[in-house]
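Undergrad: Dropping in entry.csv, with CSV, C-alpha atoms.
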```
chain,number,residue,atom,x,y,z
A,822,MET,CA,76.4,72.2,157.9
A,823,THR,CA,76.8,68.8,156.2
A,824,GLU,CA,79.9,66.8,155.3
A,825,LYS,CA,79.1,67.2,151.7
A,826,HIS,CA,79.3,71.0,151.9
A,827,GLU,CA,82.6,70.8,153.8
A,828,ARG,CA,84.1,68.7,151.0
A,829,THR,CA,82.8,70.5,148.0
A,830,VAL,CA,82.6,74.2,148.8
A,831,PRO,CA,85.8,76.2,149.2
A,832,ALA,CA,86.5,77.2,152.8
A,833,VAL,CA,86.8,80.9,151.9
A,834,VAL,CA,84.8,82.4,149.1
A,835,GLY,CA,84.9,86.0,147.7
A,836,VAL,CA,82.0,87.7,145.9
A,837,LEU,CA,82.8,90.9,144.0
A,838,GLY,CA,79.6,93.0,144.1
A,839,GLY,CA,76.9,92.9,146.7
A,840,GLY,CA,73.9,93.8,144.6
A,841,ARG,CA,70.9,91.5,144.3
A,842,MET,CA,72.8,88.8,142.5
A,843,GLY,CA,76.0,89.1,144.5
A,844,ALA,CA,74.1,89.1,147.8
A,845,GLY,CA,72.3,86.0,146.7
A,846,ILE,CA,75.5,84.2,145.8
A,847,ALA,CA,77.1,85.2,149.1
A,848,HIS,CA,74.0,83.9,150.9
A,849,ALA,CA,74.3,80.5,149.1
A,850,PHE,CA,77.9,80.0,150.0
A,851,LEU,CA,77.3,81.1,153.6
A,852,LEU,CA,74.6,78.4,153.9
A,853,ALA,CA,77.0,75.9,152.4
A,854,GLY,CA,79.5,76.5,155.2
A,855,ALA,CA,82.0,78.9,153.6
A,856,GLU,CA,83.5,82.1,155.1
A,857,VAL,CA,82.4,84.8,152.7
A,858,THR,CA,84.0,88.1,151.8
A,859,VAL,CA,82.0,90.6,149.7
A,860,VAL,CA,83.9,93.6,148.2
A,861,GLU,CA,81.9,96.6,147.2
A,862,ARG,CA,82.8,100.0,145.6
A,863,ASP,CA,81.9,102.3,148.5
A,864,ALA,CA,80.7,102.4,152.0
A,865,GLN,CA,77.0,103.0,151.1
A,866,ALA,CA,77.0,100.0,148.7
A,867,ALA,CA,78.8,97.9,151.3
A,868,GLU,CA,76.2,98.6,153.9
A,869,ALA,CA,73.4,97.9,151.5
A,870,ALA,CA,75.1,94.6,150.6
A,871,ARG,CA,75.3,93.5,154.2
A,872,GLU,CA,71.7,94.3,154.8
A,873,ARG,CA,70.6,92.3,151.7
A,874,ILE,CA,72.6,89.2,152.8
A,875,GLU,CA,71.5,89.4,156.5
A,876,ARG,CA,67.9,89.8,155.3
A,877,ASP,CA,68.3,86.6,153.2
A,878,LEU,CA,69.8,84.8,156.2
A,879,ALA,CA,67.0,85.9,158.4
A,880,LYS,CA,64.5,84.5,155.9
A,881,SER,CA,66.4,81.2,155.9
A,882,LEU,CA,66.2,81.0,159.7
A,883,GLU,CA,62.5,81.8,159.6
A,884,ARG,CA,61.8,79.0,157.2
A,885,GLY,CA,63.9,76.6,159.3
A,886,ALA,CA,66.3,76.0,156.4
A,887,ILE,CA,69.2,76.6,158.8
A,888,ASP,CA,69.6,76.5,162.6
A,889,GLY,CA,71.1,79.0,165.0
A,890,ASN,CA,70.7,82.7,165.1
A,891,LEU,CA,71.4,85.6,162.8
A,892,ASP,CA,74.4,87.0,164.7
A,893,ALA,CA,76.2,83.6,164.6
A,894,TRP,CA,75.7,83.3,160.8
A,895,ALA,CA,76.7,86.9,160.2
A,896,GLU,CA,80.0,86.2,161.9
A,897,HIS,CA,81.1,84.3,158.8
A,898,LEU,CA,80.4,87.3,156.5
A,899,THR,CA,82.9,90.1,155.8
A,900,VAL,CA,82.0,93.1,153.7
A,901,SER,CA,84.9,95.2,152.5
A,902,LEU,CA,86.0,97.9,150.1
A,903,ASP,CA,89.4,96.4,149.5
A,904,HIS,CA,90.2,93.8,146.8
A,905,ALA,CA,93.2,92.7,148.9
A,906,ASP,CA,90.7,91.1,151.3
A,907,PHE,CA,90.2,88.4,148.6
A,908,ALA,CA,93.7,87.1,149.2
A,909,PRO,CA,92.6,84.1,151.5
A,910,ALA,CA,89.8,83.1,149.1
A,911,GLY,CA,89.9,79.7,147.3
A,912,LEU,CA,87.2,81.0,144.9
A,913,VAL,CA,86.0,84.5,143.9
A,914,VAL,CA,82.8,85.0,142.0
A,915,GLU,CA,82.5,88.3,140.1
A,916,ALA,CA,78.9,89.7,140.1
A,917,VAL,CA,79.2,93.3,138.8
A,918,PRO,CA,76.8,94.8,136.2
A,919,GLU,CA,76.8,93.5,132.6
A,920,SER,CA,79.3,95.8,131.1
A,921,TRP,CA,82.3,94.4,129.2
A,922,ASP,CA,84.7,97.1,130.3
A,923,LEU,CA,83.6,97.0,133.9
A,924,LYS,CA,83.8,93.2,134.1
A,925,VAL,CA,87.3,93.1,132.5
A,926,ALA,CA,88.6,95.7,134.9
A,927,ALA,CA,87.0,94.1,137.9
A,928,LEU,CA,88.3,90.6,137.0
A,929,GLN,CA,91.8,91.8,136.4
A,930,GLU,CA,91.9,93.7,139.6
A,931,THR,CA,90.5,90.7,141.6
A,932,GLU,CA,93.0,88.3,139.9
A,933,ARG,CA,95.9,90.5,140.9
A,934,HIS,CA,95.1,89.9,144.6
A,935,LEU,CA,94.4,86.1,144.5
A,936,GLY,CA,96.8,83.3,145.5
A,937,GLU,CA,98.2,81.1,142.7
A,938,GLY,CA,95.9,78.3,143.8
A,939,ALA,CA,92.7,80.3,143.8
A,940,TRP,CA,89.9,80.1,141.2
A,941,LEU,CA,88.0,82.9,139.6
A,942,ALA,CA,84.5,82.9,138.1
A,943,THR,CA,82.1,85.3,136.4
A,944,ASN,CA,78.3,85.5,136.9
A,945,THR,CA,77.8,87.0,133.5
A,946,SER,CA,74.5,86.1,131.9
A,947,SER,CA,75.6,86.7,128.3
A,948,LEU,CA,79.1,88.1,127.8
A,949,SER,CA,81.8,85.8,126.2
A,950,VAL,CA,83.5,83.7,128.9
A,951,ASP,CA,86.2,82.9,126.3
A,952,GLY,CA,86.8,86.6,125.7
A,953,LEU,CA,86.9,87.4,129.4
A,954,ALA,CA,89.3,84.6,130.0
A,955,GLU,CA,91.7,86.0,127.4
A,956,GLN,CA,92.0,89.2,129.4
A,957,LEU,CA,93.3,87.3,132.4
A,958,ALA,CA,96.8,86.1,133.4
A,959,ARG,CA,95.5,82.6,134.4
A,960,PRO,CA,92.6,81.8,132.0
A,961,GLU,CA,92.8,78.1,132.9
A,962,ARG,CA,91.6,79.0,136.4
A,963,PHE,CA,88.5,80.9,135.2
A,964,CYS,CA,85.0,79.8,134.2
A,965,GLY,CA,81.4,81.1,134.3
A,966,LEU,CA,79.1,80.4,137.2
A,967,HIS,CA,75.8,81.9,136.1
A,968,PHE,CA,73.4,82.0,139.0
A,969,PHE,CA,69.7,82.8,138.6
A,970,ASN,CA,67.5,85.4,140.4
A,971,PRO,CA,66.4,85.0,143.1
A,972,VAL,CA,69.5,83.0,144.0
A,973,PRO,CA,68.2,81.6,147.4
A,974,ALA,CA,65.1,80.0,145.7
A,975,SER,CA,66.7,79.0,142.3
A,976,LYS,CA,67.9,75.4,142.0
A,977,LEU,CA,69.9,76.1,138.8
A,978,VAL,CA,73.5,77.3,138.2
A,979,GLU,CA,74.8,77.3,134.6
A,980,VAL,CA,78.5,76.3,134.5
A,981,VAL,CA,80.0,77.9,131.5
A,982,LEU,CA,83.3,76.5,130.3
A,983,SER,CA,85.7,78.5,128.1
A,984,LYS,CA,88.1,76.9,125.7
A,985,HIS,CA,90.8,77.8,128.3
A,986,THR,CA,89.1,76.3,131.4
A,987,GLY,CA,91.4,73.6,132.9
A,988,GLU,CA,90.2,70.1,133.5
A,989,GLN,CA,90.4,70.4,137.3
A,990,LEU,CA,88.1,73.4,137.3
A,991,ARG,CA,85.7,71.6,135.0
A,992,THR,CA,85.3,69.0,137.8
A,993,LEU,CA,85.4,71.4,140.7
A,994,SER,CA,82.8,73.8,139.4
A,995,VAL,CA,80.2,71.1,139.2
A,996,GLN,CA,81.1,69.9,142.7
A,997,TRP,CA,80.7,73.5,144.1
A,998,VAL,CA,77.3,73.9,142.6
A,999,GLU,CA,76.2,70.5,144.0
A,1000,GLY,CA,77.6,71.6,147.3
A,1001,LEU,CA,75.3,74.6,147.3
A,1002,GLY,CA,72.4,72.2,146.9
A,1003,LYS,CA,71.7,73.4,143.4
A,1004,THR,CA,71.8,71.6,140.0
A,1005,PRO,CA,74.6,72.4,137.5
A,1006,VAL,CA,73.9,72.7,133.8
A,1007,VAL,CA,77.2,72.6,131.9
A,1008,VAL,CA,77.6,74.4,128.7
A,1009,ASN,CA,80.5,75.5,126.4
A,1010,ASP,CA,80.8,79.2,125.9
A,1011,ALA,CA,78.5,80.5,123.2
A,1012,PRO,CA,76.5,83.8,122.9
A,1013,GLY,CA,73.8,83.7,125.6
A,1014,PHE,CA,74.9,80.2,126.7
A,1015,ALA,CA,71.8,78.0,127.0
A,1016,SER,CA,69.6,79.8,129.5
A,1017,SER,CA,69.9,83.4,128.4
A,1018,ARG,CA,69.6,82.5,124.8
A,1019,LEU,CA,66.4,80.6,125.2
A,1020,GLY,CA,65.0,82.8,128.0
A,1021,VAL,CA,65.5,86.1,126.0
A,1022,ALA,CA,64.1,84.6,122.8
A,1023,ILE,CA,60.8,83.8,124.6
A,1024,ALA,CA,60.8,87.1,126.4
A,1025,LEU,CA,61.3,89.1,123.1
A,1026,GLU,CA,58.5,87.2,121.4
A,1027,ALA,CA,56.2,87.9,124.4
A,1028,ILE,CA,57.1,91.7,124.2
A,1029,ARG,CA,56.3,91.7,120.4
A,1030,MET,CA,52.9,90.2,121.2
A,1031,VAL,CA,52.2,93.0,123.6
A,1032,GLU,CA,53.5,95.5,121.0
A,1033,GLU,CA,51.2,94.0,118.3
A,1034,GLY,CA,48.2,93.9,120.6
A,1035,VAL,CA,47.9,90.1,120.5
A,1036,ALA,CA,47.0,89.9,124.2
A,1037,SER,CA,47.6,91.6,127.5
A,1038,PRO,CA,50.7,91.0,129.5
A,1039,GLU,CA,48.6,89.1,132.1
A,1040,ASP,CA,47.2,86.8,129.5
A,1041,ILE,CA,50.5,86.2,127.8
A,1042,ASP,CA,52.1,85.2,131.1
A,1043,ASN,CA,49.2,83.1,132.2
A,1044,ALA,CA,49.4,81.2,128.9
A,1045,MET,CA,53.0,80.2,129.7
A,1046,VAL,CA,52.5,79.6,133.4
A,1047,LEU,CA,49.3,77.5,133.1
A,1048,GLY,CA,49.9,76.0,129.7
A,1049,TYR,CA,53.6,75.3,129.8
A,1050,LYS,CA,54.2,75.1,133.6
A,1051,PHE,CA,56.6,78.1,133.6
A,1052,PRO,CA,57.1,79.1,137.3
A,1053,VAL,CA,56.8,82.8,136.3
A,1054,GLY,CA,55.7,84.3,133.0
A,1055,PRO,CA,58.2,85.7,130.5
A,1056,LEU,CA,57.0,89.3,131.0
A,1057,ALA,CA,57.0,89.1,134.8
A,1058,LEU,CA,60.5,87.6,134.7
A,1059,THR,CA,61.6,90.4,132.4
A,1060,ASP,CA,60.4,92.8,135.1
A,1061,ILE,CA,62.4,90.9,137.8
A,1062,VAL,CA,65.6,90.8,135.7
A,1063,GLY,CA,65.2,94.4,134.6
A,1064,LEU,CA,64.2,95.6,131.1
A,1065,ASP,CA,67.5,97.5,130.8
A,1066,VAL,CA,69.4,94.4,131.6
A,1067,ARG,CA,67.5,92.3,129.1
A,1068,LEU,CA,67.8,95.0,126.5
A,1069,GLY,CA,71.5,94.9,126.8
A,1070,ILE,CA,71.6,91.1,126.5
A,1071,ALA,CA,69.3,91.2,123.5
A,1072,GLU,CA,71.4,93.8,121.8
A,1073,TYR,CA,74.5,91.7,122.4
A,1074,LEU,CA,72.8,88.6,121.1
A,1075,ALA,CA,71.6,90.4,118.0
A,1076,SER,CA,75.1,91.5,117.3
A,1077,GLU,CA,76.4,87.9,117.6
A,1078,LEU,CA,73.5,85.8,116.3
A,1079,GLY,CA,71.5,88.1,114.0
A,1080,PRO,CA,68.2,89.9,113.7
A,1081,ARG,CA,66.1,87.3,115.4
A,1082,PHE,CA,67.3,88.8,118.7
A,1083,GLU,CA,66.7,92.4,117.7
A,1084,PRO,CA,64.9,94.1,120.6
A,1085,PRO,CA,61.3,95.3,119.9
A,1086,GLN,CA,60.7,99.0,119.7
A,1087,LEU,CA,58.4,98.8,122.7
A,1088,MET,CA,61.2,97.5,124.9
A,1089,ARG,CA,63.5,100.3,123.9
A,1090,GLU,CA,60.7,102.9,124.6
A,1091,MET,CA,60.0,101.4,128.0
A,1092,VAL,CA,63.6,101.6,129.0
A,1093,ALA,CA,63.9,105.2,127.7
A,1094,ARG,CA,60.9,106.1,129.9
A,1095,GLY,CA,62.6,104.5,132.9
A,1096,GLU,CA,60.0,101.6,133.1
A,1097,LEU,CA,62.6,99.0,134.1
A,1098,GLY,CA,60.5,96.6,136.0
A,1099,ARG,CA,60.5,95.8,139.8
A,1100,LYS,CA,63.4,98.1,140.6
A,1101,SER,CA,61.7,101.2,139.1
A,1102,GLY,CA,58.2,100.2,140.3
A,1103,LYS,CA,56.8,99.8,136.8
A,1104,GLY,CA,57.5,97.5,133.8
A,1105,PHE,CA,54.9,95.3,132.2
A,1106,PHE,CA,53.3,95.2,135.6
A,1107,THR,CA,53.2,97.7,138.5
A,1108,TYR,CA,54.9,97.2,141.8
A,1109,GLU,CA,55.0,98.9,145.2
A,1110,LYS,CA,58.5,100.3,145.8
```
Will you turn the file into structure tokens for me?

TA:
Amino acid sequence: MTEKHERTVPAVVGVLGGGRMGAGIAHAFLLAGAEVTVVERDAQAAEAARERIERDLAKSLERGAIDGNLDAWAEHLTVSLDHADFAPAGLVVEAVPESWDLKVAALQETERHLGEGAWLATNTSSLSVDGLAEQLARPERFCGLHFFNPVPASKLVEVVLSKHTGEQLRTLSVQWVEGLGKTPVVVNDAPGFASSRLGVAIALEAIRMVEEGVASPEDIDNAMVLGYKFPVGPLALTDIVGLDVRLGIAEYLASELGPRFEPPQLMREMVARGELGRKSGKGFFTYEK
């Protein structure tokens, strides 16, 4: 590991939730030199989280991004079912599903086990960071760290500052992102922040174009990839994120910002049929499960 990582990433980092995003966040902090503790809800989820993280570590070793062997890197990873294991952490990043009630409960339970000097962050992609902060005992020690999927390959982290975020955390959060080898984009809390608001707007219009028969999903995505240099088309990206996840974000944005974010009927029908994208094997495109 480099001196930069040692200076800018907390020595012990917690991640609440070891799904695809949580596992990616844990992987990023492991590569940056932190001891990482992941807390999951049950033994099956914990084992799946460990497998995801070790798979990402193995890929990094294969690419030559890191040296050593998998066992040595895995020694720096703890997977637990107990929030109390977050006690030594200097930073905990919450990465549970996009449900207000679930996030509030998860953040409050996590905060209860943290030391007074610890920092807390949420990976929410759309929920109000101001609102979440107001549910906590120490809102000045809380911010948003919105990572992007897939975390190992993404170079971007959106740092979301609430009106309660303290000045020290405003500085540290940027340093942490840079310590991960990623680029911070700093935004003040607003519905959808910058990335989700723009990304969802483009995706919803692409879905409307499919709904209206303007062009096929392949041609719509190719127009954006080849014409606008998008790394992945808006419909393929919706499949990666999950149609159900993007539907929830769109509904929230519509409630906050008006009807321009109203989800197309096609999107609602696909979610109702279970066509959620990559995780279900079918969305706008078909995938091998």

Undergrad: Calculated over all atoms listed in the file, which of the candidates A:Ser975, A:Ser1016, A:Thr1107, A:Ser947 has the smallest distance to Val998 (chain A)?

TA: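 Selected residue with least distance to Val998 (chain A): A:Ser975.
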
Undergrad: Excluding Val981 (chain A) and its own-chain neighbours fewer than 3 positions away, which residues fall within 7 Å of it when counting all atoms listed in the file? Please give them as a ChimeraX atom specification.

TA: /A:964-966,1007-1010

Undergrad: Take CA of Lys984 (chain A) and CA of Asp951 (chain A) and report the distance between them in Å, one decimal.

TA: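 Separating CA of Lys984 (chain A) from CA of Asp951 (chain A) is a distance of 6.3 Å.
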
Undergrad: Report, in Å with one decimal, the straight-line distance from CA of Leu1056 (chain A) to CA of Ile1070 (chain A).

TA: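 Spanning CA of Leu1056 (chain A) to CA of Ile1070 (chain A) is a straight-line distance of 15.4 Å.
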
Undergrad: To one decimal place, how far is CA of Leu1001 (chain A) from CA of Ser881 (chain A) in Å?

TA: 14.0 Å

Undergrad: Please identify all polymer residues within 9 Å of region 836-842 of chain A, counting only C-alpha atoms, omitting same-chain residues fewer than 2 positions from it, and present them as a ChimeraX atom specification.

TA: /A:834,844-847,857-862,866-867,869-871,873-874,900,904,907,912-918,927-928,931,944,968-972

Undergrad: Excluding region 1075-1091 of chain A and its own-chain neighbours fewer than 6 positions away, which residues fall within 10 Å of it when counting all atoms listed in the file? Please give them as a compact mmCIF listing (two decimals) with C-alpha atoms, in the frame of the given file.

TA:
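Below is the file that was written, part.txt:
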```txt
# COMPACT_ATOMS: atom_id res chain seq x y z
CA ALA A 1011 78.50 80.50 123.20
CA PRO A 1012 76.50 83.80 122.90
CA GLY A 1013 73.80 83.70 125.60
CA ARG A 1018 69.60 82.50 124.80
CA VAL A 1021 65.50 86.10 126.00
CA ALA A 1022 64.10 84.60 122.80
CA ALA A 1024 60.80 87.10 126.40
CA LEU A 1025 61.30 89.10 123.10
CA GLU A 1026 58.50 87.20 121.40
CA ILE A 1028 57.10 91.70 124.20
CA ARG A 1029 56.30 91.70 120.40
CA MET A 1030 52.90 90.20 121.20
CA VAL A 1031 52.20 93.00 123.60
CA GLU A 1032 53.50 95.50 121.00
CA GLU A 1033 51.20 94.00 118.30
CA LEU A 1064 64.20 95.60 131.10
CA ASP A 1065 67.50 97.50 130.80
CA ARG A 1067 67.50 92.30 129.10
CA LEU A 1068 67.80 95.00 126.50
CA GLY A 1069 71.50 94.90 126.80
CA LEU A 1097 62.60 99.00 134.10
CA GLY A 1098 60.50 96.60 136.00
CA LYS A 1103 56.80 99.80 136.80
CA GLY A 1104 57.50 97.50 133.80
CA PHE A 1105 54.90 95.30 132.20
```

Undergrad: Could you tell me which of A:Ser920, A:Thr986, A:Thr1059, A:Thr945 comes closest to Ile1023 (chain A) if we count only C-alpha atoms?

TA: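 Looking at the shortest contact to Ile1023 (chain A), the residue is A:Thr1059.
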
Undergrad: Within 6 Å of Val950 (chain A), counting all atoms listed in the file, which residues qualify if same-chain residues fewer than 3 places away don't, as a list in words?

TA: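 In the requested form, the answer reads Leu953, Ala954 and Ser983 of chain A.
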
Undergrad: Can you tell me which residues surround Gly936 (chain A) at a distance of at most 10 Å, considering only C-alpha atoms, apart from same-chain residues fewer than 2 positions away, and format the answer as number ranges by chain?

TA: A: 907-912, 932-934, 938-940

Undergrad: Go ahead and write the residues just picked, C-alpha atoms, as a PDB file, keeping the file's coordinate frame.

TA:
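So the final result, stored in again.pdb, reads:
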```
ATOM      1  CA  PHE A 907      90.200  88.400 148.600  1.00  0.00           C
ATOM      2  CA  ALA A 908      93.700  87.100 149.200  1.00  0.00           C
ATOM      3  CA  PRO A 909      92.600  84.100 151.500  1.00  0.00           C
ATOM      4  CA  ALA A 910      89.800  83.100 149.100  1.00  0.00           C
ATOM      5  CA  GLY A 911      89.900  79.700 147.300  1.00  0.00           C
ATOM      6  CA  LEU A 912      87.200  81.000 144.900  1.00  0.00           C
ATOM      7  CA  GLU A 932      93.000  88.300 139.900  1.00  0.00           C
ATOM      8  CA  ARG A 933      95.900  90.500 140.900  1.00  0.00           C
ATOM      9  CA  HIS A 934      95.100  89.900 144.600  1.00  0.00           C
ATOM     10  CA  GLY A 938      95.900  78.300 143.800  1.00  0.00           C
ATOM     11  CA  ALA A 939      92.700  80.300 143.800  1.00  0.00           C
ATOM     12  CA  TRP A 940      89.900  80.100 141.200  1.00  0.00           C
TER      13      TRP A 940
END
```

Undergrad: Which of these residues is nearest to Gln996 (chain A), using all atoms listed in the file: A:Gln956, A:Asn1043, A:Thr829, A:Ser1017?

TA: A:Thr829

Undergrad: For region 923-1001 of chain A of the structure just presented, write C-alpha atoms to a file, as a tab-separated table (two decimals), in the first residue's frame.

TA:
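Writing done, so here's out24.tsv:
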```tsv
chain	number	residue	atom	x	y	z
A	923	LEU	CA	-34.58	0.53	6.73
A	924	LYS	CA	-31.81	3.12	6.36
A	925	VAL	CA	-32.92	5.14	9.38
A	926	ALA	CA	-33.06	2.04	11.57
A	927	ALA	CA	-29.71	0.78	10.25
A	928	LEU	CA	-27.95	4.11	10.73
A	929	GLN	CA	-29.32	4.64	14.23
A	930	GLU	CA	-28.30	1.15	15.32
A	931	THR	CA	-24.83	1.61	13.82
A	932	GLU	CA	-24.32	5.04	15.41
A	933	ARG	CA	-25.16	3.57	18.81
A	934	HIS	CA	-22.07	1.34	18.62
A	935	LEU	CA	-19.57	3.91	17.31
A	936	GLY	CA	-16.98	5.80	19.30
A	937	GLU	CA	-17.38	9.54	19.71
A	938	GLY	CA	-14.62	10.19	17.18
A	939	ALA	CA	-16.06	7.95	14.45
A	940	TRP	CA	-17.66	9.12	11.20
A	941	LEU	CA	-20.78	7.71	9.56
A	942	ALA	CA	-21.79	7.81	5.88
A	943	THR	CA	-24.65	6.58	3.73
A	944	ASN	CA	-24.36	5.16	0.23
A	945	THR	CA	-27.90	6.26	-0.65
A	946	SER	CA	-28.33	7.16	-4.31
A	947	SER	CA	-31.38	9.39	-3.85
A	948	LEU	CA	-32.73	9.69	-0.30
A	949	SER	CA	-32.34	12.97	1.56
A	950	VAL	CA	-29.02	13.13	3.40
A	951	ASP	CA	-30.36	16.13	5.33
A	952	GLY	CA	-33.34	14.05	6.43
A	953	LEU	CA	-31.24	11.05	7.41
A	954	ALA	CA	-28.84	13.30	9.35
A	955	GLU	CA	-31.74	14.65	11.36
A	956	GLN	CA	-32.52	11.13	12.60
A	957	LEU	CA	-29.05	10.81	14.17
A	958	ALA	CA	-27.56	11.92	17.47
A	959	ARG	CA	-24.45	13.37	15.80
A	960	PRO	CA	-25.54	14.74	12.42
A	961	GLU	CA	-22.34	16.80	12.07
A	962	ARG	CA	-20.38	13.54	11.75
A	963	PHE	CA	-22.54	12.21	8.89
A	964	CYS	CA	-22.47	12.64	5.10
A	965	GLY	CA	-23.25	10.79	1.89
A	966	LEU	CA	-20.62	8.72	0.07
A	967	HIS	CA	-22.43	7.60	-3.07
A	968	PHE	CA	-20.39	4.90	-4.77
A	969	PHE	CA	-21.15	3.65	-8.28
A	970	ASN	CA	-21.64	0.13	-9.56
A	971	PRO	CA	-19.40	-1.74	-10.19
A	972	VAL	CA	-17.35	-0.12	-7.42
A	973	PRO	CA	-13.97	-1.70	-8.32
A	974	ALA	CA	-14.08	-0.28	-11.86
A	975	SER	CA	-15.80	3.04	-11.13
A	976	LYS	CA	-13.59	6.10	-10.68
A	977	LEU	CA	-16.32	8.30	-9.20
A	978	VAL	CA	-17.69	8.81	-5.69
A	979	GLU	CA	-20.31	11.48	-5.08
A	980	VAL	CA	-19.70	13.21	-1.75
A	981	VAL	CA	-23.06	14.52	-0.52
A	982	LEU	CA	-22.94	17.18	2.16
A	983	SER	CA	-25.95	17.80	4.36
A	984	LYS	CA	-26.60	21.16	5.95
A	985	HIS	CA	-25.45	19.55	9.21
A	986	THR	CA	-22.14	18.11	7.95
A	987	GLY	CA	-19.23	19.57	9.91
A	988	GLU	CA	-16.29	21.32	8.26
A	989	GLN	CA	-13.82	18.61	9.28
A	990	LEU	CA	-15.89	15.91	7.59
A	991	ARG	CA	-16.23	18.03	4.45
A	992	THR	CA	-12.44	17.90	4.13
A	993	LEU	CA	-11.93	14.32	5.25
A	994	SER	CA	-14.56	12.84	2.94
A	995	VAL	CA	-12.75	14.19	-0.12
A	996	GLN	CA	-9.42	12.87	1.20
A	997	TRP	CA	-10.92	9.41	1.73
A	998	VAL	CA	-12.23	9.23	-1.82
A	999	GLU	CA	-8.87	10.32	-3.22
A	1000	GLY	CA	-7.21	7.74	-0.97
A	1001	LEU	CA	-9.30	5.08	-2.69
```
